[in-house]
Number of protein chains: 2
Amino acid sequence: MDFILENLWLVSLLAAVIALVFVALQAKKVLAEDEGTDLMKRISQNVRKGAGAFLSRQYKTVGIFFICMVIIIAVMAALGLLSWYVPFAFLTGGLFSGLSGFIGMKIATNSNARTAAAAQKSLNKGLRVAFSAGTVMGFTVVGLGLLDISIWYVLLTKVFKETLEVTTSTMITFGMGASSMALFARVGGGIFTKAADVGADLVGKVEAGIPEDDPRNPAAIADNVGDNVGDVAGMGADLYESYVGSLLSTCALGVVAFNGIPEIKAVNAVALPLIMAAIGVICSLIGSFLVKTKENATQKALLGALSRGTNFAAIVTAVLSLLAVLWLLPGHFGVYIAILAGLVAGVAIGKVTEYYTSDTYKPTQNLSESSKTGTATLIISGLSLGMMSTLLPILIVGAAVIIAYFCAQIGVQGSNPSLGLYGISISAVGMLSTLGITLATDAYGPVADNAGGIAEMAGLPEEVRERTDALDSLGNTTAATGKGFAIGSAALTALALIANFVEKMEVNGATPSLSLMDPKVLVGIFVGAMLPFLFSAMTMSAVGRAAQSVVVEVRRQFKEIKGLLEGKPGVEADYAKCVDLCSKSSLKEMIAPAIVGIASPIIVGVILGGSGVIGLLCGATASGFIMAVFMSNSGGAWDNAKKYIEAGHFGGKGSENHKAAVVGDTIGDPFKDTSGPSINILIKLMSMVSIVFAGLIAKCNWF
Amino acid sequence: MDFILENLWLVSLLAAVIALVFVALQAKKVLAEDEGTDLMKRISQNVRKGAGAFLSRQYKTVGIFFICMVIIIAVMAALGLLSWYVPFAFLTGGLFSGLSGFIGMKIATNSNARTAAAAQKSLNKGLRVAFSAGTVMGFTVVGLGLLDISIWYVLLTKVFKETLEVTTSTMITFGMGASSMALFARVGGGIFTKAADVGADLVGKVEAGIPEDDPRNPAAIADNVGDNVGDVAGMGADLYESYVGSLLSTCALGVVAFNGIPEIKAVNAVALPLIMAAIGVICSLIGSFLVKTKENATQKALLGALSRGTNFAAIVTAVLSLLAVLWLLPGHFGVYIAILAGLVAGVAIGKVTEYYTSDTYKPTQNLSESSKTGTATLIISGLSLGMMSTLLPILIVGAAVIIAYFCAQIGVQGSNPSLGLYGISISAVGMLSTLGITLATDAYGPVADNAGGIAEMAGLPEEVRERTDALDSLGNTTAATGKGFAIGSAALTALALIANFVEKMEVNGATPSLSLMDPKVLVGIFVGAMLPFLFSAMTMSAVGRAAQSVVVEVRRQFKEIKGLLEGKPGVEADYAKCVDLCSKSSLKEMIAPAIVGIASPIIVGVILGGSGVIGLLCGATASGFIMAVFMSNSGGAWDNAKKYIEAGHFGGKGSENHKAAVVGDTIGDPFKDTSGPSINILIKLMSMVSIVFAGLIAKCNWF
């Protein structure tokens with residue numbers, strides 16, 4: 001047992017290796033599948049080329065940013081404001097986060113045509129290919145995260161012989177690299193995907209009256225590329241960041257929490273999250289094998305198959321985590337309750353998301369109905385649905401925080417706030433421990449979506465398109481659950497990171513006031529609460545501008561390329577032009593919002609000091625969580641309200657009601673796929689930046 | 001001098017009497033004007049009857065609520081949780097707030113036809129009548145507020161011989177009565193006005209294609225009634241509440257702040273806000289006489305005339321306040337800087353509001369242009385405009401808070417947080433001291449709007465309608481400035497009230513944690529930040545439901561009343577039915593949001609104790625302020641973007657672009673006239689409730 005605790009890096013390395021070997025096997029399996037007709041291959045290749053081109057350009061732009069940041073951080077290190085490990089930790093965090101997105105995107109773009117081809121045979125075969133692609137993504141994120149942790153852990157403890165405290169508090173700074181990369185990926189990819197989508201829809205569906213994914217639409221390929229760079233690469237980088245962020249902040253808080261409790265060694269507190277992660281990898285792996293069903297199963301059976309996998313992983317991880325708590329933290333059973341609180345909260349938020357956004361429930365059905373009195377009432381109803389849907393997630397997270405904080409302290413004499421904060425942090429680990437499989441079910445969605453696009457463009461028979469639609473719709477449900485975990489874990493992780501920042505300030509010799517009656521704290525809260533609004537405004541208007549340029553280009557092609565709109569054989573749209581346009585504008589537009597996220601804690605810190613920053617982070621976390629839920633749910637509900645009408649309710653496709661619903665869906669696009677999810681990263685990134693710049697902020701204490 | 005300080009109630013009584021005598025004279029002057037043709041008289045009478053009927057029913061409903069609350073408060077008094085003065089103070093607050101709204105509404109409904117009649121002669125004459133009606137409203141609010149303060153002040157200090165500390169901390173509780181009344185008035189009136197407006201527009205303008213305010217529209221009278229019950233009665237109660245709230249919280253904080261400073265008597269700190277209020281009344285009064293201009297002046301000249309009045313009042317009040325500070329608080333010149341900070345912040349927020357919502361600036365012009373690519377892009381642009389517009393107001397208020405807090409402490413040895421909080425509170429007084437005239441320029445808007453409606457319905461010549469339109473448009477600009485003051489003062493007053501709550505907790509023997517690392521505080525912030533979203537969702541969907549019922553009724557009348565739509569002479573719509581419908585639904589719909597506002601601090605207080613409540617209030621104030629700015633500005637910008645297109649830009653009236661803009665305007669209606677302004681009251685009401693229930697909350701300290 002002691003061997004394990006002394007060589008914790010081996011545990012995470014082993015888990016990382018298992019995850020990555022599984023990734024390689026799954027990838028090989030997917031790539032062995034048939035890719036369909038020549039046309040399908042060509043389309044898929046176009047998407048692949050477009051996505052690859054975008055990513056390589058994005059990485060170049062981001063590379064420049066990373067070089068600038070490393071220089072700044074290195075200067076700070078030279079000034080003694082932080083340790084020399086930080087610049088390197090920052091770099092590896094960014095590198096691995098980007099790599100997660102890249103690998104996920106590679107496999108996704110290689111399996112879209114294969115999913116469509118498999119769906120020709122049966123619904124189930126299609127599911128298997130898409131889900132396998134999803135598992136590649138899920139386990140890549142988990143594997144690379146644990147690999148990065150192992151490398152740094154062994155370097156710091158064994159090579160540089162640092163103490164556990166320095167090790168954990170250094171490691172947390174590589175989260176900033178991951179967060180920065182994630183923000184660029186989410187915002188850039190989010191703008192790309194929605195500019196292409198909105199642009200394609202506005203001219204194609206609304207003006208020219210051709211169906212979605214029609215090959216005549218010059219933005220059709222760009223739309224498919226967008227699904228990959230936004231939903232896959234962006235999501236991969238995002239969850240990589242949540243995953244390592246929650247693990248690292250728990251480790252760092254654990255060292256502090258058990259400082260005054262002699263019967264538990266600090267290393268045990270550090271071991272718990274890492275061992276839970278290892279358990280989670282193995283359970284997720286076994287769970288993924290349970291995702292199988294009979295040929296030609298109903299959609300409900302398919303959903304059942306997916307749930308079987310995720311439920312197995314969650315339950316077994318929960319049981320084994322109990323053993324881990326009993327072994328590592330004897331007498332602190334309450335910590336286990338904190339873990340469970342996180343797990344339950346994640347599931348509950350997912351259920352609430354599903355309730356508000358799925359058309360099998362009243363809210364979205366009523367939203368569809370409100371289209372009867374026109375576009376305006378549909379928009380008002382959608383906005384108020386999203387705002388209303390923030391109530392329960394807030395109460396759920398609030399309850400989880402209270403339970404985790406107080407239960408973690410059970411069995412301790414008096415109160416031990418650090419232990420309470422450790423409880424909050426480990427509840428996020430509880431939520432994310434089975435990320436391998438939950439992310440797989442989530443990442444499978446965009447693959448299915450793309451498969452549908454390829455089926456349409458390649459002119460596959462109607463029944464194939466029906467199957468890919470069924471897969472896509474199943475993806476919407478799993479995406480709702482996935483979102484619950486992403487948003488819930490972001491809030492809990494951000495709170496844990498704020499606690500780490502307070503810790504860091506103290507290490508740097510500053511004791512900022514945390515009191516709400518301190519005007520610096522209050523103003524910090526005000527400014528922080530405003531940032532998600534500013535950030536959303538910037539990303540939404542960026543999508544508007546980028547979509548505008550796509551609209552102009554698509555109109556131009558329809559006008560100038562003779563025979564394109566009529567579908568004359570041999571006439572092909574200039575897809576590459578649209579992809580190129582989306583790339584350029586999204587890369588240009590992602591800079592400003594990213595700078596807001598990174599610069600604001602530093603500016604506030606320099607002016608108002610640590611108190612202002614803590615207020616800023618709390619305000620941004622609260623309002624950011626709420627805005628993320630609001631925007632994601634409004635957007636999701638509009639999307640499904642439109643699909644509900646298309647399924648034949650309230651007048652069906654082509655009716656006035658449907659037109660209103662299309663407007664709603666278009667407004668919802670940047671809500672749910674650009675602004676909403678980016679806010680999750682924003683709040684974590686701001687906390688990470690504050691932690692890295694704590695040394696500087698501690699020096700700023702003017703009044 | 002000492003006589004004044006010993007009989008402060010005489011100062012406020014004198015100011016109250018001056019204000020109310022001025023009200024009576026102005027009212028007499030307005031009522032002496034000609035009311036126009038018989039048709040105009042009849043229309044005006046219909047509006048008056050409708051508004052009167054709604055208000056009396058509203059007061060009945062609210063009366064039941066007040067009886068329930070008084071019983072609850074009395075039980076608490078019997079249990080020793082608060083003083084026996086509170087139930088009575090609560091009642092008078094509600095009574096006077098309601099009375100302010102009632103008198104404002106009375107004069108407004110009596111001067112709409114008179115304004116239209118005067119506009120027949122000249123633009124200037126129309127302005128004078130409408131502005132005089134506005135002054136009645138403005139000075140009623142100020143006069144009644146000061147009267148209520150005087151009565152309680154003399155009762156408590158002279159009759160019951162209470163100390164200054166008990167007096168000021170008792171008086172603040174009558175703010176809860178005022179806030180409750182204001183919330184009902186704003187929410188009820190806001191739902192009424194927008195249900196009528198949206199309902200009238202959806203069937204009239206969009207379906208039947210008849211112009212706004214067309215007499216054939218059965219909801220036309222209800223629409224005009226709505227302007228009065230929402231924008232006039234609602235706004236009156238709202239600002240009554242801000243005005244007394246800021247005065248009373250400053251008095252209460254003043255007693256505490258100068259506790260440890262022997263050279264200044266506490267009564268001086270109490271006297272400052274009251275004397276500033278008295279100065280403000282007199283300067284506003286003189287300023288209102290300066291609002292005159294040449295016959296047939298241009299619109300710019302009219303705006304100049306209005307500004308001359310408000311600027312004179314503001315500048316002279318600022319100068320005289322300096323003397324008051326030098327006399328009352330010698331050696332504390334910094335308090336004067338705090339006052340100026342408030343004044344400047346109010347003006348600056350007004351300017352920002354104007355920049356983002358007036359069509360003479362880029363943002364609204366660009367918004368109009370975004371209608372070119374359809375409704376969806378117009379909505380996205382409007383939402384992002386509103387979100388973007390939160391940045392500057394937040395920075396302005398933040399700067400004002402920091403300046404007020406730290407400058408107020410200049411000249412004090414060490415730091416004195418109470419004095420800093422007194423500084424924040426008195427900056428709100430600085431903002432509101434000239435409320436008499438700023439509210440007059442604001443309240444004049446709905447009167448002009450109504451006059452336009454009557455001119456249209458009575459078939460007055462086109463040039464009269466043009467004049468009333470010019471008056472209405474001028475009203476939009478002054479309303480922007482008014483909103484700046486309303487929102488800014490709400491935020492500052494709420495912060496001052498939170499400080500009072502902390503004080504009250506200590507008086508009740510509780511010392512709740514104020515630390516951001518306390519999970520109760522954090523969860524409080526989360527829940528508080530969510531409430532404005534929940535509240536907006538409730539009020540918006542209430543408008544949706546109420547408008548729905550109006551749509552159904554208007555459609556029914558068009559179908560069943562033969563010849564109505566064709567405009568056959570002698571055929572008249574059943575206006576009363578629509579008024580009745582709006583009344584019923586808005587009264588029903590106002591209950592739930594009001595309960596959310598009142599119950600949430602109590603529920604959170606019982607579960608999480610004082611720490612949770614303080615978090616709740618800070619979270620709600622921050623996110624509420626931002627939501628109020630966002631919703632008001634999005635709504636205002638959509639409104640003016642539509643008007644900009646109607647003025648002939650981007651295709652003009654009847655174009656596809658115009659249709660998109662009408663949808664935007666309809667969505668903006670509940671944003672800017674129901675949800676947005678109600679949030680201002682919500683955040684103050686929650687603070688007031690917390691103060692009243694402090695005794696109960698102090699007892700709840702489970703963990």
# chains A, B, ... in the order shown; residues from 1 in each chain; ligands from 1

$ residues_around --residues "segment 326-334 of chain A" --least-positions-apart "3" --cutoff "10 Å" --atoms "only C-alpha atoms" --output "number ranges by chain"
A: 1, 5, 258, 263-272, 275, 320-323, 337-340, 403-412, 423

$ residues_around --residues "Thr310 of chain B" --least-positions-apart "5" --cutoff "8 Å" --atoms "only C-alpha atoms" --output "PyMOL selection string"
chain B and resi 284+287-288+434+437-438

$ write_last_selection --atoms "N, CA and C atoms" --output "PDB file, in the first residue's frame"
ATOM      1  N   SER B 284     -35.333  72.242  -7.631  1.00  0.00           N
ATOM      2  CA  SER B 284     -36.138  71.627  -8.687  1.00  0.00           C
ATOM      3  C   SER B 284     -37.300  72.520  -9.060  1.00  0.00           C
ATOM      4  N   GLY B 287     -36.066  75.342 -11.008  1.00  0.00           N
ATOM      5  CA  GLY B 287     -35.687  74.806 -12.314  1.00  0.00           C
ATOM      6  C   GLY B 287     -36.893  74.582 -13.213  1.00  0.00           C
ATOM      7  N   SER B 288     -38.008  74.130 -12.621  1.00  0.00           N
ATOM      8  CA  SER B 288     -39.165  73.809 -13.456  1.00  0.00           C
ATOM      9  C   SER B 288     -39.747  75.062 -14.108  1.00  0.00           C
ATOM     10  N   THR B 434     -32.489  65.854  -6.758  1.00  0.00           N
ATOM     11  CA  THR B 434     -33.311  66.684  -7.644  1.00  0.00           C
ATOM     12  C   THR B 434     -34.375  65.847  -8.350  1.00  0.00           C
ATOM     13  N   ILE B 437     -37.562  67.336 -10.331  1.00  0.00           N
ATOM     14  CA  ILE B 437     -37.562  67.748 -11.739  1.00  0.00           C
ATOM     15  C   ILE B 437     -37.131  66.634 -12.686  1.00  0.00           C
ATOM     16  N   THR B 438     -36.213  65.768 -12.254  1.00  0.00           N
ATOM     17  CA  THR B 438     -35.825  64.693 -13.184  1.00  0.00           C
ATOM     18  C   THR B 438     -37.010  63.758 -13.428  1.00  0.00           C
TER      19      THR B 438
END

$ interface_residues --of "chain B" --to "chain A" --cutoff "6 Å" --atoms "only C-alpha atoms" --output "PDB file with C-alpha atoms, in the first residue's frame"
ATOM      1  CA  ALA B 376     -32.922  36.367 -36.513  1.00  0.00           C
ATOM      2  CA  SER B 384     -25.783  41.457 -27.848  1.00  0.00           C
ATOM      3  CA  MET B 387     -25.416  42.746 -23.052  1.00  0.00           C
ATOM      4  CA  MET B 388     -22.574  44.898 -24.338  1.00  0.00           C
ATOM      5  CA  GLY B 398     -18.085  50.514  -9.453  1.00  0.00           C
ATOM      6  CA  LEU B 514     -19.387  37.827   5.458  1.00  0.00           C
ATOM      7  CA  SER B 515     -16.522  35.854   3.935  1.00  0.00           C
ATOM      8  CA  LEU B 516     -16.615  34.678   0.348  1.00  0.00           C
ATOM      9  CA  VAL B 523     -24.594  29.681  -2.171  1.00  0.00           C
ATOM     10  CA  PHE B 526     -25.514  31.908  -6.505  1.00  0.00           C
ATOM     11  CA  PHE B 533     -33.444  35.622 -14.184  1.00  0.00           C
ATOM     12  CA  LEU B 534     -36.288  33.736 -12.545  1.00  0.00           C
ATOM     13  CA  ALA B 537     -38.842  34.721 -16.806  1.00  0.00           C
ATOM     14  CA  ALA B 622     -25.101  42.643  -8.970  1.00  0.00           C
ATOM     15  CA  VAL B 663     -40.780  41.710 -34.169  1.00  0.00           C
ATOM     16  CA  ILE B 667     -39.832  41.311 -27.928  1.00  0.00           C
TER      17      ILE B 667
END

$ select_by_dssp --residues "segment 7-40 of chain A" --states "helix (DSSP H, G or I)" --output "CSV table (one decimal) with C-alpha atoms, in the first residue's frame"
chain,number,residue,atom,x,y,z
A,8,LEU,CA,1.3,7.8,-7.1
A,9,TRP,CA,2.6,8.8,-10.5
A,10,LEU,CA,2.6,5.1,-11.4
A,11,VAL,CA,-1.1,4.8,-10.7
A,12,SER,CA,-2.0,7.7,-12.9
A,13,LEU,CA,0.5,6.6,-15.5
A,14,LEU,CA,-1.0,3.1,-15.6
A,15,ALA,CA,-4.5,4.5,-16.0
A,16,ALA,CA,-3.3,6.8,-18.7
A,17,VAL,CA,-1.6,4.0,-20.6
A,18,ILE,CA,-4.7,1.8,-20.3
A,19,ALA,CA,-6.8,4.6,-21.6
A,20,LEU,CA,-4.5,5.4,-24.5
A,21,VAL,CA,-4.0,1.8,-25.5
A,22,PHE,CA,-7.8,1.5,-25.6
A,23,VAL,CA,-7.9,4.6,-27.8
A,24,ALA,CA,-5.5,3.1,-30.2
A,25,LEU,CA,-7.5,-0.2,-30.4
A,26,GLN,CA,-10.8,1.6,-30.9
A,27,ALA,CA,-9.3,3.9,-33.5
A,28,LYS,CA,-8.0,0.9,-35.4
A,29,LYS,CA,-11.4,-0.8,-35.2
A,30,VAL,CA,-13.2,2.3,-36.6
A,31,LEU,CA,-10.7,2.9,-39.3
A,38,ASP,CA,-16.6,7.2,-53.8
A,39,LEU,CA,-18.8,10.2,-53.4
A,40,MET,CA,-19.0,9.7,-49.6

$ atom_distance --atom1 "atom CA of Ala594 of chain B" --atom2 "atom CA of Phe184 of chain B"
6.7 Å

$ residues_around --residues "segment 77-89 of chain B" --least-positions-apart "5" --cutoff "6 Å" --atoms "only C-alpha atoms" --output "list of chain:residue names"
B:Val70, B:Phe174, B:Gly695

$ write_last_selection --atoms "all heavy atoms" --output "PDB file, in the first residue's frame"
ATOM      1  N   VAL B  70     -49.197  42.512   7.503  1.00  0.00           N
ATOM      2  CA  VAL B  70     -49.263  43.196   8.792  1.00  0.00           C
ATOM      3  C   VAL B  70     -49.483  42.183   9.913  1.00  0.00           C
ATOM      4  O   VAL B  70     -48.884  42.274  10.989  1.00  0.00           O
ATOM      5  CB  VAL B  70     -50.362  44.275   8.783  1.00  0.00           C
ATOM      6  CG1 VAL B  70     -50.671  44.734  10.198  1.00  0.00           C
ATOM      7  CG2 VAL B  70     -49.915  45.459   7.937  1.00  0.00           C
ATOM      8  N   PHE B 174     -40.247  51.398   7.124  1.00  0.00           N
ATOM      9  CA  PHE B 174     -41.398  51.740   6.279  1.00  0.00           C
ATOM     10  C   PHE B 174     -41.055  51.677   4.809  1.00  0.00           C
ATOM     11  O   PHE B 174     -41.935  51.633   3.960  1.00  0.00           O
ATOM     12  CB  PHE B 174     -42.139  53.010   6.730  1.00  0.00           C
ATOM     13  CG  PHE B 174     -41.654  54.360   6.295  1.00  0.00           C
ATOM     14  CD1 PHE B 174     -41.620  54.733   4.968  1.00  0.00           C
ATOM     15  CD2 PHE B 174     -41.308  55.309   7.244  1.00  0.00           C
ATOM     16  CE1 PHE B 174     -41.226  56.000   4.592  1.00  0.00           C
ATOM     17  CE2 PHE B 174     -40.918  56.582   6.866  1.00  0.00           C
ATOM     18  CZ  PHE B 174     -40.866  56.922   5.542  1.00  0.00           C
ATOM     19  N   GLY B 695     -34.624  40.109  12.749  1.00  0.00           N
ATOM     20  CA  GLY B 695     -34.745  39.470  14.060  1.00  0.00           C
ATOM     21  C   GLY B 695     -34.951  37.974  13.937  1.00  0.00           C
ATOM     22  O   GLY B 695     -34.355  37.173  14.678  1.00  0.00           O
TER      23      GLY B 695
END

$ residues_around --residues "Leu99 of chain A" --least-positions-apart "2" --cutoff "9 Å" --atoms "only C-alpha atoms" --output "PyMOL selection string"
chain A and resi 94-97+101-104+140-141+144+237

$ atom_distance --atom1 "atom CA of Lys292 of chain A" --atom2 "atom CA of Gly36 of chain A"
22.7 Å

$ residues_around --residues "Asp359 of chain B" --least-positions-apart "2" --cutoff "8 Å" --atoms "only C-alpha atoms" --output "mmCIF file with C-alpha atoms, in the first residue's frame"
data_model
loop_
_atom_site.group_PDB
_atom_site.id
_atom_site.type_symbol
_atom_site.label_atom_id
_atom_site.label_comp_id
_atom_site.auth_asym_id
_atom_site.auth_seq_id
_atom_site.Cartn_x
_atom_site.Cartn_y
_atom_site.Cartn_z
ATOM 1 C CA THR B 357 -30.609 53.294 -27.335
ATOM 2 C CA TYR B 361 -25.834 57.008 -32.448
ATOM 3 C CA LYS B 362 -24.140 54.074 -34.165
ATOM 4 C CA PRO B 363 -25.356 51.131 -32.033
ATOM 5 C CA THR B 364 -29.062 51.583 -32.774
ATOM 6 C CA GLN B 365 -28.360 52.515 -36.386
ATOM 7 C CA ALA B 637 -32.725 50.001 -28.899
ATOM 8 C CA ASN B 640 -35.806 53.084 -31.709
ATOM 9 C CA ALA B 641 -34.369 50.859 -34.435
ATOM 10 C CA TYR B 644 -35.381 54.679 -37.403
#

$ residues_around --residues "Ala510 of chain B" --least-positions-apart "5" --cutoff "9 Å" --atoms "only C-alpha atoms" --output "VMD selection string"
chain B and resid 504 to 505 610 697 to 699 701

$ residues_around --residues "Leu155 of chain A" --least-positions-apart "2" --cutoff "12 Å" --atoms "only C-alpha atoms" --output "ChimeraX atom specification"
/A:7,9,85,88-89,148-153,157-164,167-168,170-171

$ atom_distance --atom1 "atom CA of Asn259 of chain A" --atom2 "atom CA of Ser425 of chain A"
16.7 Å

$ closest_residue --among "A:Leu474, A:Val613, A:Ala661, A:Val319" --to "His649 of chain A" --atoms "only C-alpha atoms"
A:Ala661

$ closest_residue --among "B:Tyr444, B:Phe289, B:Phe65, B:Tyr59" --to "Ala313 of chain B" --atoms "only C-alpha atoms"
B:Phe289
